[in-house]
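File shown here: model.txt, holding compact mmCIF, C-alpha atoms.
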```
# COMPACT_ATOMS: atom_id res chain seq x y z
CA MET A 119 -17.50 -27.95 -21.70
CA THR A 120 -17.38 -24.39 -20.41
CA ALA A 121 -14.10 -22.63 -21.11
CA VAL A 122 -12.25 -21.35 -18.05
CA PRO A 123 -11.66 -17.60 -18.41
CA PRO A 124 -8.01 -16.54 -18.35
CA PRO A 125 -6.76 -14.82 -15.18
CA PRO A 126 -6.86 -11.02 -15.28
CA ALA A 127 -3.75 -9.17 -16.35
CA PRO A 128 -1.68 -8.08 -13.33
CA ALA A 129 -2.17 -4.57 -12.05
CA ILE A 130 1.58 -4.47 -11.37
CA ALA A 131 4.17 -6.81 -12.86
CA ILE A 132 7.68 -6.71 -11.36
CA ARG A 133 10.48 -8.30 -13.35
CA GLN A 134 14.14 -8.89 -12.38
CA LEU A 135 14.20 -5.87 -10.10
CA PHE A 136 17.45 -4.97 -8.33
CA PHE A 137 18.02 -1.95 -6.07
CA THR A 138 21.21 -0.80 -4.34
CA TYR A 139 21.64 2.11 -1.93
CA ALA A 140 24.48 4.63 -2.12
CA ASP A 141 26.44 2.83 0.62
CA GLY A 142 26.48 -0.35 -1.46
CA THR A 143 23.69 -2.14 0.41
CA GLU A 144 21.88 -4.36 -2.08
CA ALA A 145 18.31 -4.02 -0.81
CA LEU A 146 16.58 -6.00 -3.55
CA ARG A 147 17.95 -8.82 -5.70
CA ASP A 148 16.17 -10.20 -8.76
CA ILE A 149 12.58 -9.65 -7.60
CA SER A 150 9.89 -10.91 -10.00
CA VAL A 151 6.23 -11.12 -8.97
CA ASP A 152 2.77 -10.27 -10.30
CA ILE A 153 0.20 -8.36 -8.25
CA ALA A 154 -3.37 -9.05 -9.31
CA PRO A 155 -5.96 -6.26 -9.52
CA ARG A 156 -8.49 -5.69 -6.74
CA GLN A 157 -6.80 -7.90 -4.19
CA LEU A 158 -4.98 -7.27 -0.94
CA PHE A 159 -1.37 -8.28 -1.60
CA VAL A 160 0.91 -8.53 1.43
CA LEU A 161 4.71 -8.26 1.55
CA PHE A 162 6.04 -9.83 4.75
CA GLY A 163 9.39 -10.74 6.22
CA PRO A 164 11.84 -9.66 8.94
CA ALA A 165 13.46 -6.24 9.27
CA ARG A 166 15.77 -5.30 6.39
CA ALA A 167 14.11 -7.80 4.08
CA GLY A 168 13.52 -5.07 1.47
CA LYS A 169 9.78 -4.61 1.99
CA THR A 170 9.67 -0.83 2.40
CA THR A 171 12.26 -0.36 -0.35
CA LEU A 172 10.03 -2.28 -2.74
CA LEU A 173 6.96 -0.26 -1.73
CA ARG A 174 8.78 3.02 -2.36
CA LEU A 175 9.91 1.85 -5.78
CA LEU A 176 6.32 1.19 -6.84
CA ASN A 177 5.44 4.89 -6.94
CA ARG A 178 9.01 6.11 -7.40
CA LEU A 179 9.49 7.64 -4.00
CA SER A 180 12.89 5.99 -4.39
CA ASP A 181 13.71 8.86 -6.77
CA LEU A 182 14.10 11.08 -3.70
CA ILE A 183 17.11 9.06 -2.45
CA GLY A 184 20.43 10.06 -3.98
CA GLY A 185 23.16 7.75 -5.21
CA THR A 186 21.02 4.64 -5.70
CA ARG A 187 21.20 2.13 -8.54
CA GLN A 188 18.40 0.05 -9.94
CA GLN A 189 17.69 -2.26 -12.82
CA GLY A 190 14.68 -4.25 -13.93
CA HIS A 191 11.11 -3.36 -14.71
CA VAL A 192 7.91 -2.43 -12.89
CA ARG A 193 4.93 -2.41 -15.23
CA PHE A 194 1.77 -0.69 -14.07
CA ASN A 195 -1.19 -1.44 -16.33
CA GLY A 196 1.34 -2.67 -18.88
CA ALA A 197 3.58 0.44 -18.95
CA ASP A 198 7.02 0.57 -17.33
CA ILE A 199 7.01 3.20 -14.57
CA PHE A 200 10.74 3.84 -15.05
CA GLU A 201 10.48 4.82 -18.72
CA ARG A 202 11.55 8.33 -19.66
CA GLY A 203 8.65 10.72 -19.91
CA VAL A 204 6.56 9.13 -17.15
CA ASP A 205 4.66 11.82 -15.24
CA VAL A 206 5.78 10.96 -11.70
CA THR A 207 3.24 13.28 -10.06
CA ASP A 208 0.43 11.53 -11.91
CA LEU A 209 1.94 8.13 -11.06
CA ARG A 210 1.90 8.98 -7.35
CA ARG A 211 -1.73 10.03 -7.61
CA ARG A 212 -2.64 6.74 -9.28
CA ILE A 213 -0.51 4.74 -6.82
CA GLY A 214 -1.17 6.37 -3.45
CA MET A 215 0.85 5.62 -0.32
CA VAL A 216 0.01 5.67 3.39
CA PHE A 217 2.97 5.50 5.78
CA ALA A 218 3.43 3.64 9.06
CA MET A 219 3.01 6.75 11.22
CA PRO A 220 -0.09 8.91 10.65
CA THR A 221 0.91 12.15 8.94
CA PRO A 222 -2.08 14.51 8.97
CA LEU A 223 -1.52 17.97 7.54
CA PRO A 224 -1.86 21.06 9.76
CA GLY A 225 -5.43 22.30 9.59
CA SER A 226 -8.90 20.85 9.67
CA ILE A 227 -10.12 17.38 8.78
CA ARG A 228 -11.80 18.85 5.69
CA SER A 229 -8.70 20.73 4.53
CA ASN A 230 -6.63 17.54 4.82
CA LEU A 231 -8.90 15.96 2.23
CA THR A 232 -9.33 18.93 -0.09
CA PHE A 233 -5.68 20.06 -0.21
CA GLY A 234 -4.58 17.46 -2.77
CA LEU A 235 -7.76 17.91 -4.79
CA ARG A 236 -7.25 21.66 -5.02
CA MET A 237 -3.61 21.11 -6.01
CA ALA A 238 -4.93 18.83 -8.77
CA GLY A 239 -7.15 21.66 -10.01
CA MET A 240 -10.55 20.81 -8.49
CA ARG A 241 -12.38 24.01 -7.54
CA ASP A 242 -16.09 23.17 -7.58
CA ALA A 243 -17.33 23.34 -3.97
CA ALA A 244 -20.03 20.69 -4.40
CA ALA A 245 -17.60 18.28 -6.04
CA LEU A 246 -15.07 18.83 -3.27
CA GLU A 247 -17.66 18.16 -0.57
CA ALA A 248 -18.84 15.02 -2.36
CA ARG A 249 -15.28 13.73 -2.56
CA VAL A 250 -14.69 14.51 1.14
CA GLU A 251 -17.71 12.46 2.18
CA GLN A 252 -16.96 9.65 -0.26
CA SER A 253 -13.37 9.21 0.90
CA LEU A 254 -14.28 9.37 4.60
CA ARG A 255 -16.98 6.76 4.08
CA GLN A 256 -14.54 4.51 2.24
CA ALA A 257 -12.08 4.82 5.13
CA ALA A 258 -14.86 4.02 7.65
CA LEU A 259 -14.40 7.43 9.30
CA TRP A 260 -17.42 9.45 8.14
CA ASP A 261 -19.75 8.60 11.01
CA GLU A 262 -17.09 9.54 13.56
CA VAL A 263 -16.16 12.95 12.13
CA LYS A 264 -19.05 14.20 9.95
CA ASP A 265 -20.11 16.75 12.59
CA ARG A 266 -16.62 18.17 13.18
CA LEU A 267 -14.99 18.50 9.79
CA GLU A 268 -13.61 21.91 10.74
CA SER A 269 -11.83 20.49 13.82
CA SER A 270 -8.09 20.04 13.78
CA ALA A 271 -6.90 16.75 12.30
CA PHE A 272 -4.45 16.55 15.20
CA ALA A 273 -7.39 16.22 17.62
CA LEU A 274 -8.22 12.79 16.21
CA SER A 275 -7.01 9.60 17.86
CA GLY A 276 -4.10 7.70 16.35
CA GLY A 277 -6.40 5.22 14.66
CA GLN A 278 -8.60 8.00 13.31
CA GLN A 279 -5.57 9.89 12.02
CA GLN A 280 -4.41 6.78 10.16
CA ARG A 281 -7.84 6.36 8.57
CA LEU A 282 -7.80 10.08 7.70
CA CYS A 283 -4.50 9.56 5.88
CA LEU A 284 -6.09 6.64 4.05
CA ALA A 285 -9.07 8.84 3.16
CA ARG A 286 -6.69 11.56 1.92
CA SER A 287 -5.18 9.07 -0.50
CA LEU A 288 -8.61 7.79 -1.55
CA ALA A 289 -9.86 11.33 -2.22
CA LEU A 290 -7.54 11.44 -5.24
CA GLU A 291 -9.19 8.25 -6.57
CA PRO A 292 -6.04 6.15 -7.04
CA GLU A 293 -5.97 2.77 -8.71
CA VAL A 294 -3.50 1.24 -6.23
CA ILE A 295 -3.09 1.92 -2.50
CA ILE A 296 0.27 1.19 -0.84
CA LEU A 297 0.26 0.75 2.94
CA ASP A 298 3.51 0.57 4.88
CA ASN A 299 2.63 -1.03 8.24
CA PRO A 300 -0.50 1.12 8.62
CA THR A 301 -1.51 -0.29 12.03
CA SER A 302 1.87 0.13 13.71
CA GLY A 303 1.29 1.44 17.23
CA LEU A 304 -2.50 1.30 17.02
CA ASP A 305 -4.64 -0.33 19.67
CA PRO A 306 -6.59 -3.52 18.80
CA LEU A 307 -9.88 -1.68 18.20
CA SER A 308 -8.26 0.83 15.83
CA THR A 309 -6.39 -1.98 14.08
CA ALA A 310 -9.66 -3.85 13.57
CA ALA A 311 -11.28 -0.71 12.13
CA VAL A 312 -8.45 -0.25 9.61
CA GLU A 313 -8.56 -3.94 8.62
CA GLU A 314 -12.33 -3.76 8.15
CA SER A 315 -11.89 -0.75 5.87
CA LEU A 316 -9.32 -2.61 3.79
CA ASP A 317 -11.60 -5.60 3.36
CA ALA A 318 -14.22 -3.34 1.76
CA LEU A 319 -11.73 -1.26 -0.25
CA LYS A 320 -10.15 -4.22 -2.06
CA GLN A 321 -13.43 -4.63 -3.96
CA ARG A 322 -12.49 -1.43 -5.84
CA TYR A 323 -8.74 -0.99 -5.44
CA THR A 324 -5.53 -2.98 -5.63
CA ILE A 325 -3.97 -2.83 -2.16
CA ILE A 326 -0.31 -3.60 -1.42
CA MET A 327 0.56 -3.76 2.26
CA VAL A 328 3.42 -4.45 4.62
CA PRO A 329 1.64 -5.85 7.70
CA HIS A 330 2.36 -5.38 11.39
CA SER A 331 2.84 -9.11 11.96
CA VAL A 332 2.62 -12.53 10.32
CA GLN A 333 -0.72 -12.98 12.08
CA GLN A 334 -2.09 -9.84 10.46
CA ALA A 335 -0.71 -10.92 7.09
CA ALA A 336 -2.51 -14.27 7.34
CA ARG A 337 -5.69 -12.51 8.47
CA VAL A 338 -6.03 -9.93 5.69
CA ALA A 339 -4.12 -11.14 2.63
CA ASP A 340 -5.52 -12.58 -0.57
CA SER A 341 -2.01 -13.11 -1.92
CA ALA A 342 1.36 -12.72 -0.25
CA ALA A 343 5.10 -12.67 -0.85
CA PHE A 344 7.83 -13.54 1.64
CA LEU A 345 11.01 -11.46 1.39
CA LEU A 346 14.27 -12.29 3.15
CA ASP A 347 17.55 -10.38 2.83
CA GLY A 348 16.36 -8.64 -0.34
CA GLU A 349 15.27 -11.83 -2.08
CA LEU A 350 11.80 -13.10 -2.89
CA VAL A 351 11.63 -16.54 -1.29
CA GLU A 352 8.11 -17.37 -2.45
CA ALA A 353 4.80 -15.83 -3.40
CA GLY A 354 1.30 -17.13 -3.95
CA PRO A 355 -2.26 -17.28 -2.66
CA ALA A 356 -2.33 -16.54 1.06
CA ARG A 357 -4.46 -19.60 1.87
CA GLU A 358 -1.65 -21.78 0.50
CA LEU A 359 1.40 -19.82 1.56
CA PHE A 360 0.46 -19.51 5.24
CA VAL A 361 -0.86 -23.06 5.59
CA ASN A 362 1.50 -25.05 3.39
CA PRO A 363 4.57 -22.99 2.39
CA ARG A 364 6.84 -24.55 -0.22
CA HIS A 365 10.13 -23.34 1.27
CA LYS A 366 11.56 -24.18 4.67
CA ARG A 367 12.69 -20.57 5.22
CA THR A 368 9.08 -19.41 4.82
CA GLU A 369 7.83 -22.11 7.17
CA ASP A 370 10.50 -21.23 9.77
CA TYR A 371 9.56 -17.53 9.67
CA ILE A 372 5.81 -18.12 9.82
CA SER A 373 6.22 -20.53 12.73
CA GLY A 374 8.39 -18.02 14.64
CA ARG A 375 11.69 -19.92 14.49
CA PHE A 376 13.41 -16.69 13.46
CA GLY A 377 12.59 -13.05 12.76
```
Mind converting the file's structure to structure tokens?
Amino acid sequence: MTAVPPPPAPAIAIRQLFFTYADGTEALRDISVDIAPRQLFVLFGPARAGKTTLLRLLNRLSDLIGGTRQQGHVRFNGADIFERGVDVTDLRRRIGMVFAMPTPLPGSIRSNLTFGLRMAGMRDAAALEARVEQSLRQAALWDEVKDRLESSAFALSGGQQQRLCLARSLALEPEVIILDNPTSGLDPLSTAAVEESLDALKQRYTIIMVPHSVQQAARVADSAAFLLDGELVEAGPARELFVNPRHKRTEDYISGRFG
């Protein structure tokens, strides 16, 4: 009888995570969940469920908010990201984040992609150009912009700007990509282009995403977690969670009874 191989160790393991804002709002309560490597993991739920708060904790953007309190653990490749001595700059390179609204930098398409690389110490022109092309190809943008890399990033459409921001994160070769509602405000064609890019990227990267809708979550997710009022209601494989949820609150939200 052939032995079944054990499941891979989680890329990120969250254990008993609590987070409270300065005004006393308890945004997360006792969150524990594993995120497998090289999958698209979706966090979904209504507004103020704690989704964006959890995303920002994963690469410690939460450090930029004063007066907060947190407890619990987030282990990335086995190491707790909140331990003293963690290089937060390096952590944010390894766990890149793309926000809901496209945020291109002033300047050309090329300079948007090389800025972070130069800040990281890359100077070789050939290596920079190779990384520019690689990241644009990964974000499914290369064919659309390869002949105008010196054009302003602000001249791109909204969907192209969002894919440029994704490429900018990919240029730094992260291990995890965090996406906070990356198709918000995009037209259906641009949304489809971003989703197609993500389907290819999850072969190489762990992707954690807050989707635009339940329908998008069901469409793109390998695994998913439903958050409500700062609590994790349930998590599991998307094919099970969206078809046969274990909890009535999940079923009610997916079916549109609230939210």
Show me a table, sorted first by chain and then by increasing residue number, of the residues of segment 173-201 of chain A having an atom at most 8 Å from segment 140-155 of chain A, each with its shortest atom pair and the distance in Å to one decimal, counting all atoms listed in the file and written as a Markdown table.
```
| residue | atom | partner | partner_atom | distance |
| --- | --- | --- | --- | --- |
| A:Gly184 | CA | A:Ala140 | CA | 7.0 |
| A:Gly185 | CA | A:Ala140 | CA | 4.6 |
| A:Thr186 | CA | A:Ala140 | CA | 5.0 |
| A:Arg187 | CA | A:Ala140 | CA | 7.6 |
```
Name all residues at most 8 Å from segment 204-213 of chain A (count all atoms listed in the file; drop same-chain ones fewer than 2 positions away) and give them as a ChimeraX atom specification. /A:176-178,199-202,215,287,290-296
One decimal, in Å: what's the spacing between atom CA of Ser269 of chain A and atom CA of Leu223 of chain A? 12.3 Å
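Distance-wise, atom CA of Ser302 of chain A and atom CA of Glu268 of chain A end up 26.9 Å apart.
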To one decimal place in Å, what is the distance between atom CA of Val328 of chain A and atom CA of Thr232 of chain A? 27.0 Å
Env of Glu352 of chain A: 12 Å cut, atoms = all atoms listed in the file, seq-sep filter 2 positions within chain, self excluded. Answer as a list in words. Ile149, Ser150, Val151, Asp152, Leu161, Phe162, Gly163, Ser341, Ala342, Ala343, Phe344, Leu345, Leu346, Glu349, Leu350, Gly354, Pro355, Ala356, Glu358, Leu359, Phe360, Asn362, Pro363, Arg364, His365, Lys366, Arg367, Thr368 and Glu369 of chain A
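Checking A:Ser373, A:Gln333, A:Asn299, A:Gln188 one by one against Thr170 of chain A, counting all atoms listed in the file, you find the shortest gap at A:Asn299.
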When distances are computed from only C-alpha atoms, which of A:Ala353, A:Glu314, A:Gly234, A:Pro164 shows the smallest separation from Arg375 of chain A? A:Pro164
Segment 334-344 of chain A: axis-aligned bounding box, 4 Å on each side, centre and edge lengths in Å, one decimal, as lines of an AutoDock Vina configuration file:
```
center_x = 0.9
center_y = -12.1
center_z = 4.3
size_x = 21.9
size_y = 12.4
size_z = 20.4
```
So which residues touch His191 of chain A within 7 Å, counting all atoms listed in the file, skipping near sequence neighbours fewer than 5 positions away, as a ChimeraX atom specification? /A:132-135,198
Across A:Thr324, A:Ser315, A:Gln334, A:Thr138, the smallest distance to Gln278 of chain A, with only C-alpha atoms counted, is shown by A:Ser315
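For Arg281 of chain A, the set of protein, DNA and RNA residues having any atom at most 8 Å away, when counting only C-alpha atoms and skipping those fewer than 5 positions along the same chain, is Ala257, Ala258, Leu259 and Val312 of chain A.
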